[in-house]
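Structure file target05.cif; described as mmCIF, C-alpha atoms.
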```cif
data_run
#
loop_
_atom_site.group_PDB
_atom_site.id
_atom_site.type_symbol
_atom_site.label_atom_id
_atom_site.label_comp_id
_atom_site.auth_asym_id
_atom_site.auth_seq_id
_atom_site.Cartn_x
_atom_site.Cartn_y
_atom_site.Cartn_z
ATOM 1 C CA MET A 1 0.254 -14.100 -3.277
ATOM 2 C CA GLU A 2 -2.426 -16.743 -3.298
ATOM 3 C CA ASN A 3 -5.565 -15.983 -5.252
ATOM 4 C CA ASN A 4 -8.566 -16.639 -3.049
ATOM 5 C CA SER A 5 -12.153 -16.424 -4.202
ATOM 6 C CA THR A 6 -14.192 -13.549 -2.783
ATOM 7 C CA ALA A 7 -16.140 -15.951 -0.565
ATOM 8 C CA SER A 8 -13.008 -17.260 1.164
ATOM 9 C CA ILE A 9 -11.279 -13.915 1.766
ATOM 10 C CA ASP A 10 -11.212 -12.759 5.382
ATOM 11 C CA THR A 11 -13.982 -10.189 5.614
ATOM 12 C CA ASP A 12 -13.600 -9.672 9.352
ATOM 13 C CA ALA A 13 -15.473 -6.450 10.170
ATOM 14 C CA ASN A 14 -12.677 -5.305 12.494
ATOM 15 C CA LEU A 15 -10.053 -5.667 9.743
ATOM 16 C CA LEU A 16 -12.209 -3.831 7.199
ATOM 17 C CA GLN A 17 -12.756 -1.037 9.724
ATOM 18 C CA LYS A 18 -8.993 -0.745 10.330
ATOM 19 C CA ILE A 19 -8.326 -0.538 6.585
ATOM 20 C CA ASP A 20 -11.124 1.989 6.117
ATOM 21 C CA THR A 21 -9.691 4.073 8.979
ATOM 22 C CA LEU A 22 -6.230 3.908 7.377
ATOM 23 C CA ASN A 23 -7.680 5.167 4.074
ATOM 24 C CA ARG A 24 -9.605 7.968 5.749
ATOM 25 C CA HIS A 25 -6.560 9.107 7.751
ATOM 26 C CA TYR A 26 -4.518 8.975 4.541
ATOM 27 C CA GLY A 27 -6.999 11.230 2.703
ATOM 28 C CA ASN A 28 -7.373 13.580 5.667
ATOM 29 C CA THR A 29 -3.595 13.965 5.995
ATOM 30 C CA ILE A 30 -3.414 15.154 2.384
ATOM 31 C CA ASP A 31 -6.574 17.273 2.599
ATOM 32 C CA GLU A 32 -5.332 19.061 5.734
ATOM 33 C CA ASP A 33 -1.906 19.777 4.182
ATOM 34 C CA GLN A 34 -0.039 17.562 6.641
ATOM 35 C CA LEU A 35 2.041 16.265 3.757
ATOM 36 C CA GLU A 36 5.157 15.570 5.821
ATOM 37 C CA GLU A 37 3.111 12.778 7.456
ATOM 38 C CA TRP A 38 2.128 11.219 4.103
ATOM 39 C CA PRO A 39 5.226 8.969 3.741
ATOM 40 C CA THR A 40 4.609 7.454 7.195
ATOM 41 C CA PHE A 41 1.633 5.564 5.771
ATOM 42 C CA PHE A 42 4.104 3.436 3.761
ATOM 43 C CA THR A 43 6.689 0.808 4.587
ATOM 44 C CA ASP A 44 10.312 1.896 4.095
ATOM 45 C CA ASP A 45 10.351 0.091 0.741
ATOM 46 C CA GLY A 46 6.768 1.105 -0.073
ATOM 47 C CA ARG A 47 5.890 2.045 -3.636
ATOM 48 C CA TYR A 48 3.527 4.843 -4.746
ATOM 49 C CA MET A 49 2.420 5.400 -8.311
ATOM 50 C CA VAL A 50 -0.214 7.482 -10.091
ATOM 51 C CA THR A 51 -1.211 6.224 -13.534
ATOM 52 C CA THR A 52 -4.172 6.162 -15.899
ATOM 53 C CA ARG A 53 -6.612 3.308 -16.405
ATOM 54 C CA GLN A 54 -5.483 2.813 -20.011
ATOM 55 C CA ASN A 55 -1.794 2.615 -19.048
ATOM 56 C CA HIS A 56 -2.534 0.315 -16.116
ATOM 57 C CA GLU A 57 -4.621 -2.064 -18.226
ATOM 58 C CA ALA A 58 -1.884 -2.082 -20.896
ATOM 59 C CA GLY A 59 0.678 -3.067 -18.242
ATOM 60 C CA MET A 60 2.729 0.085 -18.752
ATOM 61 C CA PRO A 61 5.009 0.363 -15.702
ATOM 62 C CA VAL A 62 5.698 4.110 -15.807
ATOM 63 C CA GLY A 63 3.437 6.392 -13.849
ATOM 64 C CA LEU A 64 2.694 10.094 -13.824
ATOM 65 C CA ILE A 65 4.190 9.977 -10.345
ATOM 66 C CA LEU A 66 6.444 7.163 -9.193
ATOM 67 C CA CYS A 67 8.097 6.860 -5.797
ATOM 68 C CA GLU A 68 9.821 3.548 -5.222
ATOM 69 C CA ASN A 69 10.424 3.966 -1.483
ATOM 70 C CA ARG A 70 9.604 6.178 1.483
ATOM 71 C CA ALA A 71 12.775 8.279 1.006
ATOM 72 C CA MET A 72 11.588 9.246 -2.497
ATOM 73 C CA MET A 73 8.226 10.271 -1.019
ATOM 74 C CA GLU A 74 9.971 12.419 1.596
ATOM 75 C CA ASP A 75 12.068 14.050 -1.157
ATOM 76 C CA ARG A 76 8.904 14.736 -3.160
ATOM 77 C CA ILE A 77 7.294 16.541 -0.215
ATOM 78 C CA SER A 78 10.489 18.461 0.503
ATOM 79 C CA ALA A 79 10.654 19.612 -3.127
ATOM 80 C CA LEU A 80 6.969 20.529 -3.050
ATOM 81 C CA ARG A 81 7.557 22.712 0.015
ATOM 82 C CA ILE A 82 10.882 24.284 -0.993
ATOM 83 C CA ALA A 83 11.545 24.184 -4.730
ATOM 84 C CA ASN A 84 8.347 23.725 -6.732
ATOM 85 C CA LEU A 85 6.319 26.710 -7.880
ATOM 86 C CA PHE A 86 2.623 26.055 -8.435
ATOM 87 C CA GLU A 87 -0.711 27.734 -7.935
ATOM 88 C CA PRO A 88 -1.899 27.067 -4.366
ATOM 89 C CA HIS A 89 -4.668 24.508 -4.218
ATOM 90 C CA THR A 90 -6.221 21.970 -1.878
ATOM 91 C CA TYR A 91 -7.736 18.523 -2.212
ATOM 92 C CA ARG A 92 -10.779 16.944 -0.626
ATOM 93 C CA HIS A 93 -10.958 13.152 -0.826
ATOM 94 C CA LEU A 94 -14.082 11.015 -0.776
ATOM 95 C CA ILE A 95 -12.929 7.441 -0.262
ATOM 96 C CA ASP A 96 -15.232 4.436 -0.525
ATOM 97 C CA ALA A 97 -15.065 1.363 1.694
ATOM 98 C CA PRO A 98 -12.247 -1.042 0.763
ATOM 99 C CA VAL A 99 -12.741 -4.403 -0.905
ATOM 100 C CA ILE A 100 -10.248 -7.103 0.024
ATOM 101 C CA LYS A 101 -9.219 -8.962 -3.140
ATOM 102 C CA GLU A 102 -6.523 -11.308 -1.804
ATOM 103 C CA LYS A 103 -4.883 -12.303 1.445
ATOM 104 C CA SER A 104 -1.536 -13.942 2.072
ATOM 105 C CA GLY A 105 -0.223 -14.105 5.620
ATOM 106 C CA ASN A 106 -0.109 -10.543 6.942
ATOM 107 C CA GLU A 107 -0.483 -8.964 3.480
ATOM 108 C CA TYR A 108 -3.729 -7.890 1.834
ATOM 109 C CA SER A 109 -4.493 -6.763 -1.709
ATOM 110 C CA LEU A 110 -7.311 -4.250 -1.852
ATOM 111 C CA GLN A 111 -9.279 -2.042 -4.181
ATOM 112 C CA THR A 112 -10.908 1.185 -3.054
ATOM 113 C CA SER A 113 -12.801 3.732 -5.165
ATOM 114 C CA LEU A 114 -12.070 7.418 -4.729
ATOM 115 C CA VAL A 115 -13.060 10.884 -5.864
ATOM 116 C CA CYS A 116 -10.686 13.773 -5.290
ATOM 117 C CA PHE A 117 -11.909 17.354 -5.564
ATOM 118 C CA ARG A 118 -9.452 20.203 -6.084
ATOM 119 C CA THR A 119 -9.994 23.813 -5.130
ATOM 120 C CA VAL A 120 -7.727 26.458 -6.590
ATOM 121 C CA GLN A 121 -7.883 29.637 -4.531
ATOM 122 C CA ALA A 122 -9.190 31.792 -7.384
ATOM 123 C CA SER A 123 -12.016 29.404 -8.365
ATOM 124 C CA GLY A 124 -14.524 26.922 -7.026
ATOM 125 C CA PRO A 125 -14.018 23.216 -6.404
ATOM 126 C CA GLU A 126 -13.831 20.828 -9.347
ATOM 127 C CA ILE A 127 -13.553 17.081 -9.707
ATOM 128 C CA PHE A 128 -9.817 16.546 -10.084
ATOM 129 C CA CYS A 129 -9.694 12.783 -10.203
ATOM 130 C CA THR A 130 -11.934 9.751 -10.038
ATOM 131 C CA GLY A 131 -10.475 6.319 -9.898
ATOM 132 C CA LYS A 132 -9.338 3.595 -7.590
ATOM 133 C CA TYR A 133 -6.562 2.741 -5.219
ATOM 134 C CA LEU A 134 -4.975 -0.656 -5.802
ATOM 135 C CA ASP A 135 -3.169 -1.417 -2.583
ATOM 136 C CA ARG A 136 -0.960 -3.983 -0.993
ATOM 137 C CA ILE A 137 -1.171 -3.444 2.759
ATOM 138 C CA ILE A 138 0.796 -5.263 5.418
ATOM 139 C CA ASP A 139 -0.016 -5.656 9.080
ATOM 140 C CA ASP A 140 3.236 -4.694 10.779
ATOM 141 C CA GLY A 141 2.657 -5.725 14.380
ATOM 142 C CA GLY A 142 -0.839 -4.258 14.510
ATOM 143 C CA ILE A 143 0.012 -1.187 12.399
ATOM 144 C CA LEU A 144 -1.286 -1.241 8.836
ATOM 145 C CA ARG A 145 1.046 0.266 6.212
ATOM 146 C CA PHE A 146 1.005 0.463 2.438
ATOM 147 C CA LYS A 147 3.542 -1.784 0.755
ATOM 148 C CA GLU A 148 2.214 -0.433 -2.532
ATOM 149 C CA ARG A 149 -0.423 2.111 -3.513
ATOM 150 C CA ILE A 150 -1.247 2.499 -7.181
ATOM 151 C CA VAL A 151 -3.660 5.317 -7.958
ATOM 152 C CA VAL A 152 -5.458 4.431 -11.182
ATOM 153 C CA CYS A 153 -7.151 7.532 -12.601
ATOM 154 C CA ASP A 154 -10.242 6.846 -14.711
ATOM 155 C CA SER A 155 -9.583 9.630 -17.209
ATOM 156 C CA GLU A 156 -6.796 9.993 -19.736
ATOM 157 C CA ARG A 157 -7.130 13.756 -19.300
ATOM 158 C CA ILE A 158 -4.770 14.398 -16.440
ATOM 159 C CA ASP A 159 -4.008 17.896 -15.278
ATOM 160 C CA THR A 160 -0.280 18.505 -15.298
ATOM 161 C CA LEU A 161 -0.648 20.112 -11.886
ATOM 162 C CA ILE A 162 -0.175 16.916 -9.893
ATOM 163 C CA VAL A 163 2.189 18.061 -7.192
ATOM 164 C CA ILE A 164 0.246 16.857 -4.163
ATOM 165 C CA PRO A 165 -0.203 13.105 -3.715
ATOM 166 C CA ILE A 166 -3.671 11.776 -4.494
#
```
Any chance you could give the structure as structure tokens?
Amino acid sequence: MENNSTASIDTDANLLQKIDTLNRHYGNTIDEDQLEEWPTFFTDDGRYMVTTRQNHEAGMPVGLILCENRAMMEDRISALRIANLFEPHTYRHLIDAPVIKEKSGNEYSLQTSLVCFRTVQASGPEIFCTGKYLDRIIDDGGILRFKERIVVCDSERIDTLIVIPI
């Protein structure tokens, strides 16, 4: 992917709005427990990973969650629904506007800040995660999909109760 300076990257307002809408629909799908729809935001060979800032900056390729294609994401949701036992909880995402970092053909590299609150039924909401999405998005005939979404969590203190995608 070519490395363009910020000034030369396509900052078309319509494109930024489409990406922002994609991010907001993504967060809403998770927040509203429509998790079976979550994999549809990705290409068939799309990659999803959750990692920490320290591991990401050190180039460590293993994440807390790693799905290397849409089928793995579908399996993760199926296991979450059928096999996994965990305390019921919900998320609420606050997702900032995206920043386009690079463009190459129909592919964009982006960075977007996020805060994810978690509410466990027996307690009040708490900040679960702050961090950023590092995305590679492709325009597939007018439909934007994630080729890769890396969730980089700011804190090294990660709750082991990451069963729902962030």
Reference answer for the PyMOL selection byres ((chain A and resi 137) around 12), as a CSV table (one decimal) with C-alpha atoms, in the frame of the given file:
```csv
chain,number,residue,atom,x,y,z
A,15,LEU,CA,-10.1,-5.7,9.7
A,16,LEU,CA,-12.2,-3.8,7.2
A,18,LYS,CA,-9.0,-0.7,10.3
A,19,ILE,CA,-8.3,-0.5,6.6
A,20,ASP,CA,-11.1,2.0,6.1
A,22,LEU,CA,-6.2,3.9,7.4
A,23,ASN,CA,-7.7,5.2,4.1
A,41,PHE,CA,1.6,5.6,5.8
A,42,PHE,CA,4.1,3.4,3.8
A,43,THR,CA,6.7,0.8,4.6
A,46,GLY,CA,6.8,1.1,-0.1
A,47,ARG,CA,5.9,2.0,-3.6
A,98,PRO,CA,-12.2,-1.0,0.8
A,100,ILE,CA,-10.2,-7.1,0.0
A,101,LYS,CA,-9.2,-9.0,-3.1
A,102,GLU,CA,-6.5,-11.3,-1.8
A,103,LYS,CA,-4.9,-12.3,1.4
A,104,SER,CA,-1.5,-13.9,2.1
A,105,GLY,CA,-0.2,-14.1,5.6
A,106,ASN,CA,-0.1,-10.5,6.9
A,107,GLU,CA,-0.5,-9.0,3.5
A,108,TYR,CA,-3.7,-7.9,1.8
A,109,SER,CA,-4.5,-6.8,-1.7
A,110,LEU,CA,-7.3,-4.2,-1.9
A,111,GLN,CA,-9.3,-2.0,-4.2
A,133,TYR,CA,-6.6,2.7,-5.2
A,134,LEU,CA,-5.0,-0.7,-5.8
A,135,ASP,CA,-3.2,-1.4,-2.6
A,136,ARG,CA,-1.0,-4.0,-1.0
A,138,ILE,CA,0.8,-5.3,5.4
A,139,ASP,CA,0.0,-5.7,9.1
A,140,ASP,CA,3.2,-4.7,10.8
A,142,GLY,CA,-0.8,-4.3,14.5
A,143,ILE,CA,0.0,-1.2,12.4
A,144,LEU,CA,-1.3,-1.2,8.8
A,145,ARG,CA,1.0,0.3,6.2
A,146,PHE,CA,1.0,0.5,2.4
A,147,LYS,CA,3.5,-1.8,0.8
A,148,GLU,CA,2.2,-0.4,-2.5
A,149,ARG,CA,-0.4,2.1,-3.5
A,150,ILE,CA,-1.2,2.5,-7.2
```
Check your understanding: CA of Asn14 (chain A) and CA of Pro165 (chain A), how far apart in Å?
Key ->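 CA of Asn14 (chain A) lies 27.5 Å from CA of Pro165 (chain A).
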Study note, to complete from the structure: Separating CA of Asp33 (chain A) from CA of Asp154 (chain A), to the nearest tenth of an Å, is a gap of 24.4 Å
Exercise for review: Taking the file as shown, find all residues satisfying the PyMOL selection byres ((chain A and resi 26) around 10) and write them as a PyMOL selection string.
Suggested key: chain A and resi 20-25+27-31+34-35+37-41+93+95+166
Review point. Which residues, written as JSON, numbers by chain, have at least one atom at most 6 Å from Ser113 (chain A), with all atoms listed in the file counted and residues fewer than 2 positions away on the same chain left out?
Key: {"A": [96, 131, 132]}
All file atoms of region 149-158 of chain A boxed axis-aligned, 4 Å per side, centre plus edges, as lines of an AutoDock Vina configuration file:
```
center_x = -5.3
center_y = 8.3
center_z = -11.6
size_x = 17.8
size_y = 20.3
size_z = 24.2
```
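Between CA of Phe117 (chain A) and CA of His89 (chain A) the interatomic distance comes to 10.3 Å.
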Review point. Using all atoms listed in the file, which of the listed residues (A:Asp12, A:Asp45, A:Glu126, A:Glu156) sits closest to Met73 (chain A)?
Key: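 Nearest to Met73 (chain A): A:Asp45.
Residue selection for this entry, given the PyMOL selection byres ((chain A and resi 50) around 9), comprises Tyr48, Met49, Thr51, Thr52, Val62, Gly63, Leu64, Ile65, Leu66, Arg149, Ile150, Val151, Val152, Cys153, Pro165 and Ile166 of chain A.
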Exercise for review: Kindly indicate which residue among A:Cys129, A:Asp44, A:Arg118, A:Gln17 lies nearest to Glu68 (chain A), using only C-alpha atoms for the distances.
Suggested key: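 Looking only at the distances to Glu68 (chain A), the closest residue turns out to be A:Asp44.
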Study note, to complete from the structure: Using only C-alpha atoms, the best pick from A:Ala83, A:Thr90, A:Arg70, A:Val120 as closest to Ile164 (chain A) would be A:Thr90
